[in-house]
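Structure below is upload_11.cif: mmCIF, N, CA and C atoms and all ligand atoms.
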```cif
data_entry
#
loop_
_atom_site.label_atom_id
_atom_site.label_comp_id
_atom_site.auth_asym_id
_atom_site.auth_seq_id
_atom_site.Cartn_x
_atom_site.Cartn_y
_atom_site.Cartn_z
N MET A 240 -15.61 -8.33 5.97
CA MET A 240 -14.87 -7.50 5.00
C MET A 240 -13.83 -6.66 5.75
N ILE A 241 -12.60 -6.76 5.31
CA ILE A 241 -11.54 -5.94 5.93
C ILE A 241 -11.22 -4.78 4.99
N LEU A 242 -11.35 -3.59 5.50
CA LEU A 242 -11.07 -2.40 4.69
C LEU A 242 -9.61 -2.00 4.88
N VAL A 243 -8.90 -1.90 3.76
CA VAL A 243 -7.47 -1.57 3.81
C VAL A 243 -7.20 -0.39 2.89
N ALA A 244 -6.53 0.62 3.41
CA ALA A 244 -6.11 1.76 2.59
C ALA A 244 -4.61 1.63 2.34
N ALA A 245 -4.20 1.82 1.09
CA ALA A 245 -2.78 1.71 0.74
C ALA A 245 -2.42 2.83 -0.22
N ALA A 246 -1.11 3.07 -0.33
CA ALA A 246 -0.65 4.17 -1.18
C ALA A 246 0.47 3.71 -2.10
N ALA A 247 0.38 4.13 -3.38
CA ALA A 247 1.50 4.00 -4.30
C ALA A 247 2.22 5.35 -4.25
N LEU A 248 3.35 5.39 -3.55
CA LEU A 248 4.18 6.61 -3.57
C LEU A 248 4.95 6.59 -4.88
N VAL A 249 4.88 7.69 -5.62
CA VAL A 249 5.52 7.74 -6.94
C VAL A 249 6.61 8.81 -6.88
N ASP A 250 7.86 8.43 -7.21
CA ASP A 250 8.96 9.40 -7.15
C ASP A 250 9.10 10.16 -8.47
N ALA A 251 10.09 11.05 -8.52
CA ALA A 251 10.24 11.93 -9.68
C ALA A 251 10.56 11.15 -10.96
N ASP A 252 11.10 9.93 -10.82
CA ASP A 252 11.40 9.10 -12.00
C ASP A 252 10.25 8.18 -12.38
N GLY A 253 9.10 8.31 -11.68
CA GLY A 253 7.95 7.47 -12.00
C GLY A 253 8.00 6.10 -11.38
N ARG A 254 8.93 5.91 -10.43
CA ARG A 254 9.01 4.61 -9.75
C ARG A 254 8.09 4.61 -8.53
N VAL A 255 7.66 3.40 -8.15
CA VAL A 255 6.68 3.22 -7.08
C VAL A 255 7.36 2.49 -5.91
N LEU A 256 6.99 2.89 -4.69
CA LEU A 256 7.57 2.26 -3.50
C LEU A 256 6.74 1.04 -3.07
N VAL A 257 7.41 -0.08 -2.87
CA VAL A 257 6.76 -1.24 -2.28
C VAL A 257 7.60 -1.69 -1.08
N GLN A 258 6.91 -2.34 -0.13
CA GLN A 258 7.61 -2.81 1.06
C GLN A 258 7.37 -4.30 1.24
N GLN A 259 8.38 -4.95 1.81
CA GLN A 259 8.28 -6.40 1.98
C GLN A 259 7.78 -6.70 3.39
N ARG A 260 6.67 -7.44 3.44
CA ARG A 260 6.03 -7.74 4.71
C ARG A 260 6.92 -8.64 5.56
N ASP A 261 6.94 -8.35 6.86
CA ASP A 261 7.87 -9.04 7.75
C ASP A 261 7.19 -10.07 8.64
N ASP A 262 5.83 -10.07 8.68
CA ASP A 262 5.17 -10.92 9.66
C ASP A 262 3.94 -11.61 9.06
N GLY A 263 3.49 -12.65 9.77
CA GLY A 263 2.23 -13.30 9.42
C GLY A 263 2.32 -14.19 8.19
N ALA A 264 1.13 -14.63 7.74
CA ALA A 264 1.05 -15.56 6.62
C ALA A 264 1.56 -14.95 5.32
N GLN A 265 1.55 -13.63 5.23
CA GLN A 265 1.96 -12.96 3.99
C GLN A 265 3.43 -12.51 4.05
N ALA A 266 4.17 -12.97 5.04
CA ALA A 266 5.58 -12.54 5.18
C ALA A 266 6.34 -12.83 3.90
N GLY A 267 7.16 -11.87 3.48
CA GLY A 267 7.97 -12.02 2.27
C GLY A 267 7.32 -11.42 1.04
N LEU A 268 6.00 -11.21 1.09
CA LEU A 268 5.31 -10.61 -0.06
C LEU A 268 5.58 -9.10 -0.09
N TRP A 269 5.53 -8.54 -1.30
CA TRP A 269 5.72 -7.10 -1.49
C TRP A 269 4.35 -6.43 -1.58
N GLU A 270 4.16 -5.37 -0.84
CA GLU A 270 2.86 -4.70 -0.83
C GLU A 270 3.05 -3.19 -0.77
N PHE A 271 1.97 -2.48 -1.01
CA PHE A 271 2.00 -1.02 -0.89
C PHE A 271 1.87 -0.65 0.58
N PRO A 272 2.57 0.39 1.03
CA PRO A 272 2.41 0.81 2.42
C PRO A 272 0.96 1.15 2.71
N GLY A 273 0.54 0.88 3.93
CA GLY A 273 -0.84 1.17 4.32
C GLY A 273 -1.28 0.20 5.39
N GLY A 274 -2.57 0.08 5.61
CA GLY A 274 -3.07 -0.84 6.62
C GLY A 274 -4.57 -0.73 6.79
N LYS A 275 -5.05 -1.40 7.83
CA LYS A 275 -6.50 -1.47 8.05
C LYS A 275 -7.05 -0.10 8.46
N ILE A 276 -8.24 0.17 7.96
CA ILE A 276 -8.95 1.39 8.34
C ILE A 276 -9.65 1.12 9.67
N GLU A 277 -9.36 1.93 10.67
CA GLU A 277 -9.96 1.74 12.00
C GLU A 277 -11.41 2.24 11.97
N PRO A 278 -12.26 1.73 12.89
CA PRO A 278 -13.65 2.21 12.95
C PRO A 278 -13.69 3.73 13.10
N GLY A 279 -14.51 4.38 12.30
CA GLY A 279 -14.67 5.83 12.38
C GLY A 279 -13.64 6.62 11.62
N GLU A 280 -12.67 5.94 11.03
CA GLU A 280 -11.60 6.61 10.30
C GLU A 280 -11.91 6.65 8.81
N THR A 281 -11.54 7.71 8.13
CA THR A 281 -11.67 7.72 6.67
C THR A 281 -10.45 7.01 6.07
N PRO A 282 -10.56 6.54 4.81
CA PRO A 282 -9.39 5.90 4.19
C PRO A 282 -8.17 6.82 4.18
N VAL A 283 -8.37 8.08 3.88
CA VAL A 283 -7.23 9.01 3.81
C VAL A 283 -6.62 9.23 5.19
N ALA A 284 -7.47 9.37 6.22
CA ALA A 284 -6.93 9.55 7.57
C ALA A 284 -6.14 8.31 8.00
N ALA A 285 -6.65 7.12 7.63
CA ALA A 285 -5.94 5.89 7.96
C ALA A 285 -4.56 5.89 7.28
N LEU A 286 -4.52 6.34 6.04
CA LEU A 286 -3.26 6.34 5.30
C LEU A 286 -2.25 7.34 5.85
N VAL A 287 -2.72 8.51 6.21
CA VAL A 287 -1.82 9.51 6.81
C VAL A 287 -1.18 8.89 8.05
N ARG A 288 -1.99 8.21 8.88
CA ARG A 288 -1.49 7.56 10.10
C ARG A 288 -0.52 6.42 9.77
N GLU A 289 -0.91 5.55 8.83
CA GLU A 289 -0.08 4.38 8.51
C GLU A 289 1.25 4.79 7.86
N LEU A 290 1.22 5.81 7.01
CA LEU A 290 2.47 6.21 6.34
C LEU A 290 3.46 6.79 7.34
N ASP A 291 2.94 7.45 8.37
CA ASP A 291 3.80 7.94 9.45
C ASP A 291 4.34 6.76 10.25
N GLU A 292 3.45 5.83 10.65
CA GLU A 292 3.88 4.69 11.48
C GLU A 292 4.86 3.78 10.73
N GLU A 293 4.55 3.50 9.46
CA GLU A 293 5.33 2.48 8.74
C GLU A 293 6.59 3.03 8.09
N LEU A 294 6.53 4.27 7.61
CA LEU A 294 7.65 4.82 6.84
C LEU A 294 8.28 6.05 7.47
N GLY A 295 7.61 6.64 8.46
CA GLY A 295 8.12 7.85 9.08
C GLY A 295 8.04 9.07 8.18
N ILE A 296 7.08 9.08 7.25
CA ILE A 296 6.90 10.25 6.39
C ILE A 296 5.59 10.95 6.74
N ARG A 297 5.56 12.25 6.44
CA ARG A 297 4.34 13.03 6.69
C ARG A 297 3.71 13.36 5.33
N VAL A 298 2.43 13.05 5.23
CA VAL A 298 1.71 13.27 3.97
C VAL A 298 0.47 14.10 4.26
N GLU A 299 0.25 15.10 3.44
CA GLU A 299 -0.99 15.88 3.61
C GLU A 299 -2.14 15.13 2.94
N ALA A 300 -3.31 15.19 3.57
CA ALA A 300 -4.47 14.46 3.05
C ALA A 300 -4.74 14.81 1.59
N ALA A 301 -4.55 16.08 1.23
CA ALA A 301 -4.83 16.52 -0.14
C ALA A 301 -3.90 15.89 -1.17
N CYS A 302 -2.80 15.31 -0.71
CA CYS A 302 -1.84 14.70 -1.63
C CYS A 302 -2.09 13.21 -1.84
N LEU A 303 -3.18 12.69 -1.26
CA LEU A 303 -3.53 11.27 -1.45
C LEU A 303 -4.73 11.20 -2.38
N ALA A 304 -4.48 10.82 -3.63
CA ALA A 304 -5.55 10.78 -4.63
C ALA A 304 -6.11 9.36 -4.73
N PRO A 305 -7.43 9.17 -4.53
CA PRO A 305 -8.01 7.83 -4.73
C PRO A 305 -7.74 7.38 -6.16
N ALA A 306 -7.30 6.11 -6.33
CA ALA A 306 -6.91 5.67 -7.67
C ALA A 306 -7.67 4.43 -8.11
N VAL A 307 -7.35 3.28 -7.56
CA VAL A 307 -8.00 2.03 -7.99
C VAL A 307 -8.29 1.18 -6.76
N PHE A 308 -9.19 0.23 -6.92
CA PHE A 308 -9.50 -0.66 -5.79
C PHE A 308 -9.66 -2.09 -6.27
N ALA A 309 -9.59 -3.01 -5.31
CA ALA A 309 -9.84 -4.42 -5.60
C ALA A 309 -10.48 -5.06 -4.39
N CYS A 310 -11.29 -6.08 -4.64
CA CYS A 310 -11.89 -6.85 -3.56
C CYS A 310 -11.61 -8.33 -3.84
N GLU A 311 -10.84 -8.95 -2.99
CA GLU A 311 -10.41 -10.34 -3.22
C GLU A 311 -10.44 -11.11 -1.92
N PRO A 312 -10.69 -12.43 -2.00
CA PRO A 312 -10.59 -13.24 -0.78
C PRO A 312 -9.13 -13.51 -0.43
N VAL A 313 -8.83 -13.41 0.85
CA VAL A 313 -7.53 -13.85 1.36
C VAL A 313 -7.85 -14.78 2.52
N GLY A 314 -7.63 -16.07 2.32
CA GLY A 314 -8.09 -17.06 3.29
C GLY A 314 -9.61 -17.00 3.34
N ALA A 315 -10.15 -16.93 4.56
CA ALA A 315 -11.61 -16.93 4.73
C ALA A 315 -12.18 -15.52 4.63
N ARG A 316 -11.30 -14.51 4.49
CA ARG A 316 -11.76 -13.12 4.58
C ARG A 316 -11.69 -12.41 3.23
N GLN A 317 -12.58 -11.45 3.05
CA GLN A 317 -12.52 -10.59 1.87
C GLN A 317 -11.73 -9.33 2.25
N ILE A 318 -10.83 -8.93 1.37
CA ILE A 318 -10.10 -7.69 1.60
C ILE A 318 -10.55 -6.68 0.54
N LEU A 319 -11.00 -5.54 0.99
CA LEU A 319 -11.28 -4.43 0.06
C LEU A 319 -10.10 -3.49 0.16
N LEU A 320 -9.30 -3.47 -0.91
CA LEU A 320 -8.06 -2.70 -0.92
C LEU A 320 -8.27 -1.42 -1.72
N LEU A 321 -8.10 -0.29 -1.07
CA LEU A 321 -8.32 1.02 -1.69
C LEU A 321 -6.96 1.66 -1.92
N LEU A 322 -6.52 1.66 -3.18
CA LEU A 322 -5.18 2.16 -3.48
C LEU A 322 -5.23 3.62 -3.91
N HIS A 323 -4.39 4.41 -3.29
CA HIS A 323 -4.27 5.84 -3.58
C HIS A 323 -2.92 6.09 -4.25
N VAL A 324 -2.82 7.22 -4.94
CA VAL A 324 -1.54 7.63 -5.52
C VAL A 324 -1.07 8.88 -4.79
N CYS A 325 0.22 8.91 -4.47
CA CYS A 325 0.79 10.04 -3.74
C CYS A 325 2.13 10.41 -4.39
N ARG A 326 2.25 11.69 -4.76
CA ARG A 326 3.50 12.14 -5.40
C ARG A 326 4.26 13.14 -4.54
N LYS A 327 3.72 13.49 -3.39
CA LYS A 327 4.37 14.50 -2.56
C LYS A 327 4.28 14.12 -1.08
N TRP A 328 5.41 14.08 -0.42
CA TRP A 328 5.45 13.76 1.01
C TRP A 328 6.65 14.46 1.61
N HIS A 329 6.70 14.45 2.93
CA HIS A 329 7.81 15.08 3.65
C HIS A 329 8.59 13.99 4.39
N GLY A 330 9.91 14.00 4.19
CA GLY A 330 10.76 13.01 4.84
C GLY A 330 11.17 11.93 3.88
N GLN A 331 12.06 11.07 4.38
CA GLN A 331 12.62 9.98 3.57
C GLN A 331 12.03 8.67 4.08
N PRO A 332 11.33 7.89 3.22
CA PRO A 332 10.72 6.65 3.71
C PRO A 332 11.76 5.69 4.33
N GLN A 333 11.44 5.19 5.52
CA GLN A 333 12.30 4.23 6.23
C GLN A 333 11.50 2.96 6.48
N PRO A 334 12.15 1.79 6.41
CA PRO A 334 11.41 0.53 6.64
C PRO A 334 11.20 0.27 8.13
N ARG A 335 10.27 0.99 8.75
CA ARG A 335 10.05 0.85 10.19
C ARG A 335 9.30 -0.43 10.54
N ALA A 336 8.44 -0.88 9.61
CA ALA A 336 7.63 -2.07 9.89
C ALA A 336 7.95 -3.19 8.92
N ALA A 337 8.61 -2.86 7.82
CA ALA A 337 8.83 -3.85 6.76
C ALA A 337 10.24 -4.43 6.84
N ARG A 338 10.41 -5.57 6.17
CA ARG A 338 11.73 -6.19 6.08
C ARG A 338 12.64 -5.36 5.15
N ALA A 339 12.03 -4.80 4.10
CA ALA A 339 12.80 -4.02 3.12
C ALA A 339 11.86 -3.13 2.32
N LEU A 340 12.44 -2.10 1.71
CA LEU A 340 11.71 -1.23 0.79
C LEU A 340 12.40 -1.30 -0.55
N GLN A 341 11.64 -1.12 -1.64
CA GLN A 341 12.30 -0.91 -2.94
C GLN A 341 11.43 -0.03 -3.82
N TRP A 342 12.13 0.75 -4.67
CA TRP A 342 11.45 1.59 -5.67
C TRP A 342 11.53 0.85 -6.99
N VAL A 343 10.37 0.64 -7.62
CA VAL A 343 10.35 -0.13 -8.86
C VAL A 343 9.52 0.59 -9.93
N ARG A 344 9.86 0.33 -11.18
CA ARG A 344 9.02 0.81 -12.28
C ARG A 344 7.70 0.05 -12.20
N PRO A 345 6.58 0.72 -12.54
CA PRO A 345 5.28 0.03 -12.45
C PRO A 345 5.27 -1.32 -13.18
N VAL A 346 5.93 -1.41 -14.34
CA VAL A 346 5.91 -2.68 -15.09
C VAL A 346 6.60 -3.79 -14.31
N ALA A 347 7.54 -3.44 -13.44
CA ALA A 347 8.27 -4.45 -12.67
C ALA A 347 7.42 -5.05 -11.56
N LEU A 348 6.28 -4.41 -11.23
CA LEU A 348 5.41 -4.97 -10.19
C LEU A 348 4.89 -6.35 -10.60
N HIS A 349 4.74 -6.57 -11.93
CA HIS A 349 4.25 -7.88 -12.41
C HIS A 349 5.17 -9.02 -11.96
N GLY A 350 6.44 -8.70 -11.79
CA GLY A 350 7.42 -9.74 -11.44
C GLY A 350 7.62 -9.94 -9.95
N LEU A 351 6.91 -9.18 -9.12
CA LEU A 351 7.05 -9.30 -7.67
C LEU A 351 5.97 -10.21 -7.09
N ALA A 352 6.31 -10.91 -6.03
CA ALA A 352 5.30 -11.68 -5.29
C ALA A 352 4.51 -10.71 -4.44
N MET A 353 3.23 -10.53 -4.79
CA MET A 353 2.37 -9.58 -4.08
C MET A 353 1.12 -10.31 -3.59
N PRO A 354 0.41 -9.78 -2.58
CA PRO A 354 -0.83 -10.41 -2.13
C PRO A 354 -1.87 -10.45 -3.26
N ALA A 355 -2.80 -11.41 -3.19
CA ALA A 355 -3.80 -11.58 -4.24
C ALA A 355 -4.56 -10.29 -4.58
N PRO A 356 -4.97 -9.48 -3.60
CA PRO A 356 -5.74 -8.28 -3.96
C PRO A 356 -4.95 -7.28 -4.81
N ASP A 357 -3.62 -7.32 -4.73
CA ASP A 357 -2.82 -6.34 -5.47
C ASP A 357 -2.70 -6.68 -6.95
N ARG A 358 -2.81 -7.97 -7.27
CA ARG A 358 -2.49 -8.37 -8.66
C ARG A 358 -3.35 -7.70 -9.71
N PRO A 359 -4.69 -7.63 -9.52
CA PRO A 359 -5.48 -6.96 -10.56
C PRO A 359 -5.23 -5.47 -10.64
N LEU A 360 -4.57 -4.92 -9.63
CA LEU A 360 -4.35 -3.47 -9.61
C LEU A 360 -3.12 -3.04 -10.39
N ILE A 361 -2.23 -3.98 -10.69
CA ILE A 361 -0.95 -3.60 -11.28
C ILE A 361 -1.14 -2.96 -12.66
N GLY A 362 -1.92 -3.64 -13.52
CA GLY A 362 -2.14 -3.09 -14.86
C GLY A 362 -2.87 -1.76 -14.82
N LEU A 363 -3.82 -1.66 -13.89
CA LEU A 363 -4.58 -0.40 -13.76
C LEU A 363 -3.64 0.73 -13.33
N LEU A 364 -2.75 0.42 -12.39
CA LEU A 364 -1.82 1.43 -11.92
C LEU A 364 -0.86 1.86 -13.03
N GLU A 365 -0.39 0.87 -13.78
CA GLU A 365 0.50 1.17 -14.92
C GLU A 365 -0.16 2.16 -15.87
N ALA A 366 -1.45 1.94 -16.14
CA ALA A 366 -2.16 2.79 -17.09
C ALA A 366 -2.35 4.21 -16.53
N LEU A 367 -2.42 4.30 -15.21
CA LEU A 367 -2.67 5.59 -14.57
C LEU A 367 -1.42 6.46 -14.46
N LEU A 368 -0.25 5.81 -14.29
CA LEU A 368 0.97 6.58 -13.96
C LEU A 368 1.70 7.06 -15.20
N1 LIG A 401 -0.67 -2.47 3.50
C1 LIG A 401 -1.13 -3.33 2.60
N2 LIG A 401 -1.89 -4.39 3.00
C2 LIG A 401 -2.31 -5.22 2.03
C3 LIG A 401 -2.00 -5.01 0.66
N3 LIG A 401 -2.56 -6.01 -0.08
C4 LIG A 401 -3.21 -6.82 0.80
O1 LIG A 401 -3.84 -7.84 0.53
N4 LIG A 401 -3.05 -6.35 2.08
C5 LIG A 401 -3.56 -7.00 3.27
O2 LIG A 401 -4.33 -6.08 4.00
C6 LIG A 401 -4.15 -6.33 5.38
C7 LIG A 401 -3.56 -5.07 5.98
O3 LIG A 401 -3.39 -5.29 7.28
P1 LIG A 401 -2.12 -4.80 8.12
O4 LIG A 401 -1.80 -5.87 9.08
O5 LIG A 401 -1.03 -4.30 7.24
O6 LIG A 401 -2.79 -3.57 8.79
P2 LIG A 401 -2.34 -2.80 10.07
O7 LIG A 401 -1.07 -2.07 9.75
O8 LIG A 401 -3.54 -2.04 10.46
O9 LIG A 401 -1.93 -3.96 11.08
P3 LIG A 401 -2.39 -4.39 12.52
O10 LIG A 401 -3.69 -5.13 12.36
O11 LIG A 401 -1.26 -5.27 12.94
O12 LIG A 401 -2.51 -3.13 13.31
C8 LIG A 401 -3.20 -7.51 5.53
O13 LIG A 401 -3.95 -8.69 5.62
C9 LIG A 401 -2.46 -7.46 4.20
O14 LIG A 401 -1.95 -8.71 3.80
C10 LIG A 401 -1.19 -3.91 0.28
O15 LIG A 401 -0.85 -3.67 -0.88
N5 LIG A 401 -0.79 -3.10 1.28
#
```

How does this structure look as C-alpha cells?
Amino acid sequence: MILVAAAALVDADGRVLVQQRDDGAQAGLWEFPGGKIEPGETPVAALVRELDEELGIRVEAACLAPAVFACEPVGARQILLLLHVCRKWHGQPQPRAARALQWVRPVALHGLAMPAPDRPLIGLLEALL
C-alpha cells in the first residue's frame, strides 16, 4: 500500500489547482499536488513538505483540512490517496516539478485525464466546495 497525501488548493473564485505530471508511467496526467508520505511522517507534514518542494508555497498545517480519500489499484500496487482542502497559503504556486499547472472549476475536473485514484474523488470534491 502506498500512502499519498495530496491537496486541492482552492482560490478565491472557487477554482482548484491541478498539475500535469512530467515523469513516469503517469506522465501527462493531471493530479493534485502532493506525494508519498515518508515513514514516520504524518499526512499533513508530508503535504507541507511536498507543497514547498513542488510549488514553492508555504502552507501552515492548520490550513490543510482532511477532505476525501480513495483506495485504488495502480498497476500491481494499491494507492491510498488522502485528499485535503487548502484555501490559504503563502506565495505563488510555480510548476517546479510539473510540466504545467492550471486552475479549473471543480466540474471541469471530470474532463481532465487524471490517475485512477482521483476519479472517484471528483464528485465528492465538487459537493464539498
Ligand atoms: N501527488 C499526487 N499523486 C497521485 C495522485 N493520484 C495518484 O494516483 N497519485 C499517485 O501517487 C503517487 C505519488 O507519488 P509521487 O511520485 O508523486 O511522490 P513523491 O513526490 O514522493 O515522489 P518520489 O517517490 O519521486 O520522491 C504516484 O504514483 C502518483 O501517480 C494525485 O492526485 N496527486

Query raised in the report: Within 6.5 Å of ligand LIG 401 (chain A), counting only N, CA and C atoms and all ligand atoms: which residues, as a ChimeraX atom specification?
Result: /A:243-246,265,269-276,318,320,354-357

Requested in this report: as a PyMOL selection string, list the residues of chain A assigned to alpha helix (DSSP H) by DSSP on the backbone atoms of this structure.
Outcome: chain A and resi 282-294+358-367

Query raised in the report: For the atom pair atom C of A:Ala347 and atom N of A:Leu322, what is the interatomic distance in Å to one decimal place?
Result: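 Distance between the two atoms: 17.6 Å.
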
Requested in this report: Within 12 Å of (15.1, -3.5, 5.3) (coordinates as in the file), grab all the protein and nucleic acid residues, counting only C-alpha atoms, and write them out as a VMD selection string.
Outcome: chain A and resid 257 to 261 267 293 to 294 332 to 341

Requested in this report: Excluding A:Gln317 and any residue of its chain fewer than 6 positions from it, enumerate the residues within 10 Å of it, using only C-alpha atoms, and give them as an NGL selection string.
Outcome: :A and (240-242 or 310-311 or 356)

Query raised in the report: Of the residues A:Ala285, A:Leu303, A:Val343, A:Leu290, which is the one nearest to A:Lys327, using only N, CA and C atoms?
Result: A:Leu303

Report task. Would you work out the distance separating atom CA of A:Ala266 from atom CA of A:Gly330, expressed in Å to one decimal? Result -> 26.1 Å

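Separating atom CA of A:Val255 from atom CA of A:Leu319 is a distance of 20.8 Å.
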
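Closest to A:Arg254 among A:Met353, A:Ala309, A:Ala301, A:Leu348 is A:Leu348, based on only C-alpha atoms.
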
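In terms of minimum interatomic distance to A:Ala264, A:Gly314 ranks closest within A:Gly314, A:Leu360, A:Leu248, A:His349, counting only C-alpha atoms.
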
**Report entry** strand (DSSP E or B) residues, from DSSP on the backbone, in stretch 282-368 of chain A, as a list in words
**Finding:**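 Of stretch 282-368 of chain A, the ones in strand (DSSP E or B) are Arg297, Ala304, Pro305, Ala306, Val307, Phe308, Ala309, Cys310, Glu311, Pro312, Val313, Arg316, Gln317, Ile318, Leu319, Leu320, Leu321, Leu322, His323, Val324, Cys325, His329, Ala339, Leu340, Gln341, Trp342 and Val343 of chain A.
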
File of the preceding selection, N, CA and C atoms, as a tab-separated table (two decimals), keeping the file's coordinate frame:
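For reference, selection-v1.tsv as written:
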```tsv
chain	number	residue	atom	x	y	z
A	297	ARG	N	5.56	12.25	6.44
A	297	ARG	CA	4.34	13.03	6.69
A	297	ARG	C	3.71	13.36	5.33
A	304	ALA	N	-4.48	10.82	-3.63
A	304	ALA	CA	-5.55	10.78	-4.63
A	304	ALA	C	-6.11	9.36	-4.73
A	305	PRO	N	-7.43	9.17	-4.53
A	305	PRO	CA	-8.01	7.83	-4.73
A	305	PRO	C	-7.74	7.38	-6.16
A	306	ALA	N	-7.30	6.11	-6.33
A	306	ALA	CA	-6.91	5.67	-7.67
A	306	ALA	C	-7.67	4.43	-8.11
A	307	VAL	N	-7.35	3.28	-7.56
A	307	VAL	CA	-8.00	2.03	-7.99
A	307	VAL	C	-8.29	1.18	-6.76
A	308	PHE	N	-9.19	0.23	-6.92
A	308	PHE	CA	-9.50	-0.66	-5.79
A	308	PHE	C	-9.66	-2.09	-6.27
A	309	ALA	N	-9.59	-3.01	-5.31
A	309	ALA	CA	-9.84	-4.42	-5.60
A	309	ALA	C	-10.48	-5.06	-4.39
A	310	CYS	N	-11.29	-6.08	-4.64
A	310	CYS	CA	-11.89	-6.85	-3.56
A	310	CYS	C	-11.61	-8.33	-3.84
A	311	GLU	N	-10.84	-8.95	-2.99
A	311	GLU	CA	-10.41	-10.34	-3.22
A	311	GLU	C	-10.44	-11.11	-1.92
A	312	PRO	N	-10.69	-12.43	-2.00
A	312	PRO	CA	-10.59	-13.24	-0.78
A	312	PRO	C	-9.13	-13.51	-0.43
A	313	VAL	N	-8.83	-13.41	0.85
A	313	VAL	CA	-7.53	-13.85	1.36
A	313	VAL	C	-7.85	-14.78	2.52
A	316	ARG	N	-11.30	-14.51	4.49
A	316	ARG	CA	-11.76	-13.12	4.58
A	316	ARG	C	-11.69	-12.41	3.23
A	317	GLN	N	-12.58	-11.45	3.05
A	317	GLN	CA	-12.52	-10.59	1.87
A	317	GLN	C	-11.73	-9.33	2.25
A	318	ILE	N	-10.83	-8.93	1.37
A	318	ILE	CA	-10.10	-7.69	1.60
A	318	ILE	C	-10.55	-6.68	0.54
A	319	LEU	N	-11.00	-5.54	0.99
A	319	LEU	CA	-11.28	-4.43	0.06
A	319	LEU	C	-10.10	-3.49	0.16
A	320	LEU	N	-9.30	-3.47	-0.91
A	320	LEU	CA	-8.06	-2.70	-0.92
A	320	LEU	C	-8.27	-1.42	-1.72
A	321	LEU	N	-8.10	-0.29	-1.07
A	321	LEU	CA	-8.32	1.02	-1.69
A	321	LEU	C	-6.96	1.66	-1.92
A	322	LEU	N	-6.52	1.66	-3.18
A	322	LEU	CA	-5.18	2.16	-3.48
A	322	LEU	C	-5.23	3.62	-3.91
A	323	HIS	N	-4.39	4.41	-3.29
A	323	HIS	CA	-4.27	5.84	-3.58
A	323	HIS	C	-2.92	6.09	-4.25
A	324	VAL	N	-2.82	7.22	-4.94
A	324	VAL	CA	-1.54	7.63	-5.52
A	324	VAL	C	-1.07	8.88	-4.79
A	325	CYS	N	0.22	8.91	-4.47
A	325	CYS	CA	0.79	10.04	-3.74
A	325	CYS	C	2.13	10.41	-4.39
A	329	HIS	N	6.70	14.45	2.93
A	329	HIS	CA	7.81	15.08	3.65
A	329	HIS	C	8.59	13.99	4.39
A	339	ALA	N	12.03	-4.80	4.10
A	339	ALA	CA	12.80	-4.02	3.12
A	339	ALA	C	11.86	-3.13	2.32
A	340	LEU	N	12.44	-2.10	1.71
A	340	LEU	CA	11.71	-1.23	0.79
A	340	LEU	C	12.40	-1.30	-0.55
A	341	GLN	N	11.64	-1.12	-1.64
A	341	GLN	CA	12.30	-0.91	-2.94
A	341	GLN	C	11.43	-0.03	-3.82
A	342	TRP	N	12.13	0.75	-4.67
A	342	TRP	CA	11.45	1.59	-5.67
A	342	TRP	C	11.53	0.85	-6.99
A	343	VAL	N	10.37	0.64	-7.62
A	343	VAL	CA	10.35	-0.13	-8.86
A	343	VAL	C	9.52	0.59	-9.93
```

Query raised in the report: Pick from A:Arg316, A:Arg358, A:Arg344, A:His329: nearest to A:Arg297, with only C-alpha atoms counted?
Result: A:His329
